[in-house]
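Colleague: This is the structure I have questions about; it appears just below.
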Amino acid sequence: MDSGAKTTARLGLLTALALILSYVESLFPIFPALPGVKLGLSNCVLLYAVYAMHPRDAALLLLLKVSLGALLFGSPVSFLYSLSGGALSLALMLLLRRAPGLCVPVLSIAGAFAHNAGQLMAAAFLAGLAPALACAPWLLLSSFATGLLTGLLARLVLRQMKKENV
Amino acid sequence: MKRPSANVIVLLCAALLTLLAFLPRLLEKNAANGARVNVYVNGELYETLAFPDEGETQLRVETEDGGFNLIAVDSGGVFMADSNCPHRDCVSQGRVSEENAESRALGRWIICMPHRVSVELTSDG
């Protein structure tokens, strides 16, 4: 089992990694014509936490990433978008992580889908239901591709970590 | 019958919800003539713009925290001429016209999420 100090160090490292990944990603928008469509590389970090850490620590990691991300690169509005997306995504991934036979890429797709659905809910609340519904089709469809990519990446990381016995 | 695996169930649920999101777009009927433009701020109707006979109509929307969106309407359609939001996605979304409203990713909408400003090309009324 983890000691307190080890968990704290791990959380710090993972928070920094998640922050830098989402910052680097924001420099290269992949599909500017569609609001909210992004690769979600920091989801790899969260996926690792979902499988390898206590749910409480994974939730803490999300909260740190979302609030520090908004303070450093965002705004109150962007904080609400990423919090609602992140919370719904993490909740679903924690719920499904022990489902028998569920592979990492599919859990990642579920997480990406929930993230985008959560953002749409925030958008419906902040900007109105009709524009949120206009964004929904392609945003939800994109989560299959982005979730698959980050999920495959996370599976590579998880396998390597197991081999190295970290 | 063999029980479907968790992978299949999860993917199927997500696919079904996505299909559901596409439904309104597929059922949308063609717009009539006499279109106008609705501008929404924070989800509420802020102003309605008519298509000018000539030239260009502009509307500048200011948000509380110093943000702005410049919406322009001319005979060819409506577009976001300028904005000071972080990635200027709304400006990249380009022009909406009666011709392209069905093929655009966002349909009849131009949306600036960070500023909570949205523009709809509409035909009813």
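Just remember, in the structure tokens the first chain shown is A, the second B, etc., residues are 1-based per chain, and ligands are 1-based in the order shown.
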Could you list, as a PDB file with N, CA and C atoms, in the first residue's frame, every residue within 8 Å of Thr57 in chain B, counting only C-alpha atoms and ignoring same-chain residues fewer than 4 positions away?
Modeller:
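The resulting part.pdb:
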ATOM      1  N   PHE B  51     -31.477  40.902 -42.612  1.00  0.00           N
ATOM      2  CA  PHE B  51     -30.478  40.944 -43.675  1.00  0.00           C
ATOM      3  C   PHE B  51     -30.564  42.276 -44.397  1.00  0.00           C
ATOM      4  N   PRO B  52     -29.444  42.987 -44.514  1.00  0.00           N
ATOM      5  CA  PRO B  52     -29.484  44.292 -45.166  1.00  0.00           C
ATOM      6  C   PRO B  52     -29.608  44.125 -46.684  1.00  0.00           C
ATOM      7  N   ALA B  72     -21.314  40.134 -37.938  1.00  0.00           N
ATOM      8  CA  ALA B  72     -21.571  40.869 -39.178  1.00  0.00           C
ATOM      9  C   ALA B  72     -22.575  40.118 -40.050  1.00  0.00           C
ATOM     10  N   VAL B  73     -23.526  40.863 -40.598  1.00  0.00           N
ATOM     11  CA  VAL B  73     -24.530  40.289 -41.497  1.00  0.00           C
ATOM     12  C   VAL B  73     -24.457  41.035 -42.829  1.00  0.00           C
ATOM     13  N   ASP B  74     -24.325  40.277 -43.906  1.00  0.00           N
ATOM     14  CA  ASP B  74     -24.471  40.902 -45.221  1.00  0.00           C
ATOM     15  C   ASP B  74     -25.395  40.037 -46.070  1.00  0.00           C
TER      16      ASP B  74
END
Colleague: Report as a Markdown table: every residue of chain B with an atom at most 10 Å from chain A, its closest pair of atoms, and their distance in Å to one decimal, counting only C-alpha atoms, with rows sorted by chain and ascending residue number.
Modeller:
| residue | atom | partner | partner_atom | distance |
| --- | --- | --- | --- | --- |
| B:Ser5 | CA | A:Gly101 | CA | 6.8 |
| B:Ala6 | CA | A:Leu102 | CA | 5.4 |
| B:Asn7 | CA | A:Leu102 | CA | 5.2 |
| B:Val8 | CA | A:Val106 | CA | 8.9 |
| B:Ile9 | CA | A:Leu102 | CA | 9.7 |
| B:Val10 | CA | A:Ala110 | CA | 6.9 |
| B:Leu11 | CA | A:Val106 | CA | 7.2 |
| B:Cys13 | CA | A:Ala110 | CA | 9.3 |
| B:Ala14 | CA | A:Phe113 | CA | 7.1 |
| B:Ala15 | CA | A:Leu141 | CA | 8.0 |
| B:Leu17 | CA | A:Leu140 | CA | 8.3 |
| B:Thr18 | CA | A:Leu140 | CA | 5.8 |
| B:Leu19 | CA | A:Pro137 | CA | 7.6 |
| B:Leu20 | CA | A:Pro137 | CA | 8.3 |
| B:Ala21 | CA | A:Pro137 | CA | 5.0 |
| B:Phe22 | CA | A:Pro137 | CA | 5.1 |
| B:Leu23 | CA | A:Pro137 | CA | 8.7 |
| B:Pro24 | CA | A:Leu133 | CA | 8.9 |
| B:Arg25 | CA | A:Ala134 | CA | 8.2 |
| B:Tyr40 | CA | A:Ala127 | CA | 7.9 |
| B:Val41 | CA | A:Ala127 | CA | 6.9 |
| B:Asn42 | CA | A:Ala127 | CA | 4.6 |
| B:Gly43 | CA | A:Gly128 | CA | 3.8 |
| B:Glu44 | CA | A:Gly128 | CA | 7.2 |
| B:Leu45 | CA | A:Gly128 | CA | 9.8 |
| B:Pro86 | CA | A:Gly74 | CA | 8.6 |
| B:His87 | CA | A:Pro32 | CA | 8.0 |
| B:Arg88 | CA | A:Pro32 | CA | 8.2 |
| B:Asp89 | CA | A:Pro32 | CA | 5.3 |
| B:Cys90 | CA | A:Ala33 | CA | 7.2 |
| B:Val91 | CA | A:Ala33 | CA | 8.4 |
| B:Ser92 | CA | A:Ala33 | CA | 5.5 |
| B:Gln93 | CA | A:Ala33 | CA | 4.5 |
| B:Gly94 | CA | A:Ala33 | CA | 7.8 |
| B:Arg104 | CA | A:Ala33 | CA | 9.5 |
| B:Ala105 | CA | A:Trp138 | CA | 6.9 |
| B:Leu106 | CA | A:Ala134 | CA | 5.6 |
| B:Gly107 | CA | A:Ala134 | CA | 6.8 |
| B:Arg108 | CA | A:Ala134 | CA | 8.1 |
| B:Trp109 | CA | A:Pro131 | CA | 6.8 |
| B:Ile110 | CA | A:Pro131 | CA | 8.3 |
| B:Ile111 | CA | A:Pro131 | CA | 6.8 |
| B:Cys112 | CA | A:Pro35 | CA | 7.8 |
| B:Met113 | CA | A:Pro35 | CA | 7.1 |
| B:Pro114 | CA | A:Val77 | CA | 6.3 |
| B:His115 | CA | A:Val77 | CA | 8.1 |
| B:Arg116 | CA | A:Ala127 | CA | 4.7 |
| B:Val117 | CA | A:Ala127 | CA | 6.7 |
| B:Ser118 | CA | A:Pro131 | CA | 6.7 |
| B:Val119 | CA | A:Pro131 | CA | 8.5 |
| B:Glu120 | CA | A:Pro131 | CA | 8.3 |
Colleague: Taking the DSSP secondary structure from the backbone, can you list the residues of range 6-148 of chain A that are alpha helix (DSSP H), as a ChimeraX atom specification?
Modeller: /A:6-27,42-52,55-73,76-96,104-127,129-148
Colleague: Please produce an output containing C-alpha atoms for each residue in the selection, written as an mmCIF file, in the first residue's frame.
Modeller:
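This went into selection_33.cif:
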data_model
loop_
_atom_site.group_PDB
_atom_site.id
_atom_site.type_symbol
_atom_site.label_atom_id
_atom_site.label_comp_id
_atom_site.auth_asym_id
_atom_site.auth_seq_id
_atom_site.Cartn_x
_atom_site.Cartn_y
_atom_site.Cartn_z
ATOM 1 C CA LYS A 6 4.415 8.482 -1.799
ATOM 2 C CA THR A 7 0.818 9.347 -2.707
ATOM 3 C CA THR A 8 1.491 13.067 -2.330
ATOM 4 C CA ALA A 9 4.579 12.878 -4.533
ATOM 5 C CA ARG A 10 2.713 10.837 -7.105
ATOM 6 C CA LEU A 11 -0.215 13.288 -7.131
ATOM 7 C CA GLY A 12 2.140 16.233 -7.625
ATOM 8 C CA LEU A 13 3.867 14.518 -10.521
ATOM 9 C CA LEU A 14 0.623 13.470 -12.198
ATOM 10 C CA THR A 15 -0.949 16.925 -11.736
ATOM 11 C CA ALA A 16 2.052 18.581 -13.377
ATOM 12 C CA LEU A 17 1.965 16.055 -16.222
ATOM 13 C CA ALA A 18 -1.778 16.520 -16.822
ATOM 14 C CA LEU A 19 -1.400 20.323 -16.784
ATOM 15 C CA ILE A 20 1.475 20.424 -19.239
ATOM 16 C CA LEU A 21 -0.281 17.972 -21.580
ATOM 17 C CA SER A 22 -3.446 20.054 -21.725
ATOM 18 C CA TYR A 23 -1.399 23.232 -22.188
ATOM 19 C CA VAL A 24 0.664 21.812 -25.065
ATOM 20 C CA GLU A 25 -2.515 20.474 -26.637
ATOM 21 C CA SER A 26 -4.225 23.868 -26.459
ATOM 22 C CA LEU A 27 -1.440 25.248 -28.682
ATOM 23 C CA SER A 42 -4.395 14.607 -20.123
ATOM 24 C CA ASN A 43 -7.061 11.892 -20.041
ATOM 25 C CA CYS A 44 -4.143 9.400 -20.260
ATOM 26 C CA VAL A 45 -2.944 10.650 -16.888
ATOM 27 C CA LEU A 46 -6.420 10.367 -15.402
ATOM 28 C CA LEU A 47 -6.845 6.873 -16.868
ATOM 29 C CA TYR A 48 -3.628 5.818 -15.174
ATOM 30 C CA ALA A 49 -4.944 7.218 -11.881
ATOM 31 C CA VAL A 50 -8.277 5.406 -12.345
ATOM 32 C CA TYR A 51 -6.511 2.040 -12.660
ATOM 33 C CA ALA A 52 -3.557 2.507 -10.338
ATOM 34 C CA PRO A 55 -10.637 6.728 -6.278
ATOM 35 C CA ARG A 56 -10.226 9.468 -3.674
ATOM 36 C CA ASP A 57 -6.751 10.307 -5.020
ATOM 37 C CA ALA A 58 -7.971 10.204 -8.623
ATOM 38 C CA ALA A 59 -10.714 12.701 -7.700
ATOM 39 C CA LEU A 60 -8.143 14.916 -5.967
ATOM 40 C CA LEU A 61 -5.958 14.780 -9.090
ATOM 41 C CA LEU A 62 -8.896 15.888 -11.251
ATOM 42 C CA LEU A 63 -9.778 18.742 -8.896
ATOM 43 C CA LEU A 64 -6.163 19.956 -8.803
ATOM 44 C CA LYS A 65 -5.803 19.720 -12.580
ATOM 45 C CA VAL A 66 -9.064 21.542 -13.292
ATOM 46 C CA SER A 67 -8.593 24.375 -10.795
ATOM 47 C CA LEU A 68 -4.886 24.954 -11.501
ATOM 48 C CA GLY A 69 -5.566 24.722 -15.242
ATOM 49 C CA ALA A 70 -8.252 27.410 -15.014
ATOM 50 C CA LEU A 71 -6.011 29.631 -12.853
ATOM 51 C CA LEU A 72 -3.011 29.307 -15.167
ATOM 52 C CA PHE A 73 -4.518 29.213 -18.646
ATOM 53 C CA PRO A 76 -14.135 31.123 -14.562
ATOM 54 C CA VAL A 77 -16.158 29.984 -17.574
ATOM 55 C CA SER A 78 -13.494 27.538 -18.767
ATOM 56 C CA PHE A 79 -13.278 26.236 -15.178
ATOM 57 C CA LEU A 80 -16.985 25.338 -15.247
ATOM 58 C CA TYR A 81 -16.650 23.624 -18.632
ATOM 59 C CA SER A 82 -13.690 21.496 -17.593
ATOM 60 C CA LEU A 83 -15.052 20.733 -14.119
ATOM 61 C CA SER A 84 -18.392 19.437 -15.387
ATOM 62 C CA GLY A 85 -16.703 17.452 -18.155
ATOM 63 C CA GLY A 86 -13.982 16.093 -15.904
ATOM 64 C CA ALA A 87 -16.281 15.178 -13.021
ATOM 65 C CA LEU A 88 -18.747 13.264 -15.194
ATOM 66 C CA SER A 89 -15.898 11.535 -17.044
ATOM 67 C CA LEU A 90 -14.082 10.501 -13.857
ATOM 68 C CA ALA A 91 -17.278 9.324 -12.172
ATOM 69 C CA LEU A 92 -18.145 7.077 -15.121
ATOM 70 C CA MET A 93 -14.611 5.702 -15.439
ATOM 71 C CA LEU A 94 -14.415 4.899 -11.714
ATOM 72 C CA LEU A 95 -17.814 3.218 -11.919
ATOM 73 C CA LEU A 96 -16.833 1.108 -14.941
ATOM 74 C CA VAL A 104 -8.623 0.277 -21.464
ATOM 75 C CA PRO A 105 -9.452 1.879 -24.853
ATOM 76 C CA VAL A 106 -13.191 1.301 -24.346
ATOM 77 C CA LEU A 107 -13.077 2.718 -20.816
ATOM 78 C CA SER A 108 -11.240 5.698 -22.322
ATOM 79 C CA ILE A 109 -13.943 6.144 -24.984
ATOM 80 C CA ALA A 110 -16.594 6.053 -22.246
ATOM 81 C CA GLY A 111 -14.599 8.689 -20.352
ATOM 82 C CA ALA A 112 -14.158 10.922 -23.402
ATOM 83 C CA PHE A 113 -17.854 10.603 -24.212
ATOM 84 C CA ALA A 114 -18.860 11.498 -20.652
ATOM 85 C CA HIS A 115 -16.399 14.416 -20.686
ATOM 86 C CA ASN A 116 -17.984 15.870 -23.812
ATOM 87 C CA ALA A 117 -21.491 15.174 -22.506
ATOM 88 C CA GLY A 118 -20.609 16.993 -19.263
ATOM 89 C CA GLN A 119 -19.266 19.962 -21.226
ATOM 90 C CA LEU A 120 -22.460 20.075 -23.267
ATOM 91 C CA MET A 121 -24.475 20.157 -20.034
ATOM 92 C CA ALA A 122 -22.398 23.091 -18.829
ATOM 93 C CA ALA A 123 -22.851 24.761 -22.218
ATOM 94 C CA ALA A 124 -26.624 24.243 -22.060
ATOM 95 C CA PHE A 125 -26.597 25.869 -18.629
ATOM 96 C CA LEU A 126 -24.254 28.757 -19.530
ATOM 97 C CA ALA A 127 -25.027 29.498 -23.179
ATOM 98 C CA LEU A 129 -29.840 24.544 -24.712
ATOM 99 C CA ALA A 130 -30.218 25.156 -28.446
ATOM 100 C CA PRO A 131 -26.563 26.051 -29.166
ATOM 101 C CA ALA A 132 -25.442 23.156 -26.942
ATOM 102 C CA LEU A 133 -27.597 20.766 -28.962
ATOM 103 C CA ALA A 134 -26.101 22.204 -32.158
ATOM 104 C CA CYS A 135 -22.621 21.252 -30.903
ATOM 105 C CA ALA A 136 -23.681 17.823 -29.619
ATOM 106 C CA PRO A 137 -23.612 15.562 -32.713
ATOM 107 C CA TRP A 138 -20.032 16.076 -33.914
ATOM 108 C CA LEU A 139 -18.653 16.633 -30.426
ATOM 109 C CA LEU A 140 -20.062 13.309 -29.207
ATOM 110 C CA LEU A 141 -18.949 11.523 -32.389
ATOM 111 C CA SER A 142 -15.424 12.875 -32.007
ATOM 112 C CA SER A 143 -15.135 11.279 -28.554
ATOM 113 C CA PHE A 144 -14.909 7.821 -30.155
ATOM 114 C CA ALA A 145 -11.759 8.815 -32.036
ATOM 115 C CA THR A 146 -10.130 10.871 -29.279
ATOM 116 C CA GLY A 147 -11.050 8.333 -26.577
ATOM 117 C CA LEU A 148 -9.607 5.473 -28.633
#
Colleague: May I ask for the distance between CA of Asp53 in chain B and CA of Ser103 in chain B, given in Å to one decimal place?
Modeller: 25.3 Å
